[in-house]
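All remarks here apply to the structure that follows.
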Amino acid sequence: MTLQAKRLERDVLALFHRACRCGRLDIAEHLLSALETFNRVRSDDTNPVPGSCLKEAYGEICRMNGMA
C-alpha cells in the first residue's frame, strides 16, 4: 500500500470516529465499509486479518455497544 493510500485510510478512520461521536451512524456505516475495502485490497487472503484501522473501527463499535 502506498503512503498516500495509508494516509487516506487514516483519514477515513478519523471521519468514522467523528461520525460516531456526532451520532451519524448512517455515515459511519459507509466509512466502515470503506475501511473494510482497504483491508480487502491489502490482502490476497479470502479471510484477511483486519488491519489496524479496521481493528480500531471495530473496537469503537464494541465500545459504543458496551462490549468493551
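In the C-alpha cells, the first chain shown is A, the next is B, and so on; residue numbers restart at 1 for each chain, and ligands run from 1 in the order shown.
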
Point to revise | Residues near Leu54 (chain A), cut-off 9 Å, only C-alpha atoms, skip fewer than 4 positions along chain, as a list of chain:residue names | key: A:Leu13, A:Leu32, A:Leu35, A:Glu36, A:Phe38, A:Asn39, A:Pro50, A:Tyr58, A:Gly59

Exercise for review: Run DSSP on the backbone and grab whatever in chain A lands in helix (DSSP H, G or I); send it over as a PyMOL selection string.
Suggested key: chain A and resi 3-21+25-42+52-64

Could you please take those selected residues and save C-alpha atoms as a PDB file, in the first residue's frame?
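Written out: result_32.pdb:
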```pdb
ATOM      1  CA  LEU A   3       1.942   6.171   1.597  1.00  0.00           C
ATOM      2  CA  GLN A   4      -0.948   8.130   0.085  1.00  0.00           C
ATOM      3  CA  ALA A   5      -3.279   5.149   0.467  1.00  0.00           C
ATOM      4  CA  LYS A   6      -2.251   4.719   4.104  1.00  0.00           C
ATOM      5  CA  ARG A   7      -2.931   8.402   4.766  1.00  0.00           C
ATOM      6  CA  LEU A   8      -6.310   8.113   3.092  1.00  0.00           C
ATOM      7  CA  GLU A   9      -7.152   5.081   5.229  1.00  0.00           C
ATOM      8  CA  ARG A  10      -6.228   7.026   8.412  1.00  0.00           C
ATOM      9  CA  ASP A  11      -8.355   9.961   7.212  1.00  0.00           C
ATOM     10  CA  VAL A  12     -11.331   7.657   6.669  1.00  0.00           C
ATOM     11  CA  LEU A  13     -10.827   6.247  10.171  1.00  0.00           C
ATOM     12  CA  ALA A  14     -10.778   9.766  11.643  1.00  0.00           C
ATOM     13  CA  LEU A  15     -14.023  10.562   9.826  1.00  0.00           C
ATOM     14  CA  PHE A  16     -15.517   7.293  11.076  1.00  0.00           C
ATOM     15  CA  HIS A  17     -14.745   8.303  14.682  1.00  0.00           C
ATOM     16  CA  ARG A  18     -16.182  11.771  14.071  1.00  0.00           C
ATOM     17  CA  ALA A  19     -19.373  10.366  12.567  1.00  0.00           C
ATOM     18  CA  CYS A  20     -19.784   8.085  15.604  1.00  0.00           C
ATOM     19  CA  ARG A  21     -19.274  10.976  18.038  1.00  0.00           C
ATOM     20  CA  LEU A  25     -24.229   6.101  12.351  1.00  0.00           C
ATOM     21  CA  ASP A  26     -25.589   6.068   8.802  1.00  0.00           C
ATOM     22  CA  ILE A  27     -22.423   7.819   7.632  1.00  0.00           C
ATOM     23  CA  ALA A  28     -20.227   5.759   9.968  1.00  0.00           C
ATOM     24  CA  GLU A  29     -21.568   2.618   8.302  1.00  0.00           C
ATOM     25  CA  HIS A  30     -20.390   3.812   4.877  1.00  0.00           C
ATOM     26  CA  LEU A  31     -16.985   4.761   6.266  1.00  0.00           C
ATOM     27  CA  LEU A  32     -16.668   1.339   7.911  1.00  0.00           C
ATOM     28  CA  SER A  33     -17.399  -0.222   4.547  1.00  0.00           C
ATOM     29  CA  ALA A  34     -14.573   1.852   3.050  1.00  0.00           C
ATOM     30  CA  LEU A  35     -12.192   0.612   5.765  1.00  0.00           C
ATOM     31  CA  GLU A  36     -13.228  -2.970   5.019  1.00  0.00           C
ATOM     32  CA  THR A  37     -12.474  -2.327   1.344  1.00  0.00           C
ATOM     33  CA  PHE A  38      -8.989  -1.063   2.225  1.00  0.00           C
ATOM     34  CA  ASN A  39      -8.475  -4.286   4.154  1.00  0.00           C
ATOM     35  CA  ARG A  40      -9.639  -6.498   1.265  1.00  0.00           C
ATOM     36  CA  VAL A  41      -7.413  -4.702  -1.217  1.00  0.00           C
ATOM     37  CA  ARG A  42      -4.419  -5.038   1.117  1.00  0.00           C
ATOM     38  CA  SER A  52      -5.032  -1.688  12.405  1.00  0.00           C
ATOM     39  CA  CYS A  53      -7.504   0.941  11.150  1.00  0.00           C
ATOM     40  CA  LEU A  54     -10.234  -1.636  10.723  1.00  0.00           C
ATOM     41  CA  LYS A  55      -9.492  -3.146  14.141  1.00  0.00           C
ATOM     42  CA  GLU A  56      -9.732   0.315  15.676  1.00  0.00           C
ATOM     43  CA  ALA A  57     -13.093   0.930  13.978  1.00  0.00           C
ATOM     44  CA  TYR A  58     -14.431  -2.422  15.177  1.00  0.00           C
ATOM     45  CA  GLY A  59     -13.213  -1.519  18.671  1.00  0.00           C
ATOM     46  CA  GLU A  60     -15.173   1.733  18.502  1.00  0.00           C
ATOM     47  CA  ILE A  61     -18.312  -0.203  17.609  1.00  0.00           C
ATOM     48  CA  CYS A  62     -17.749  -2.543  20.567  1.00  0.00           C
ATOM     49  CA  ARG A  63     -17.270   0.397  22.938  1.00  0.00           C
ATOM     50  CA  MET A  64     -20.425   2.084  21.640  1.00  0.00           C
TER      51      MET A  64
END
```
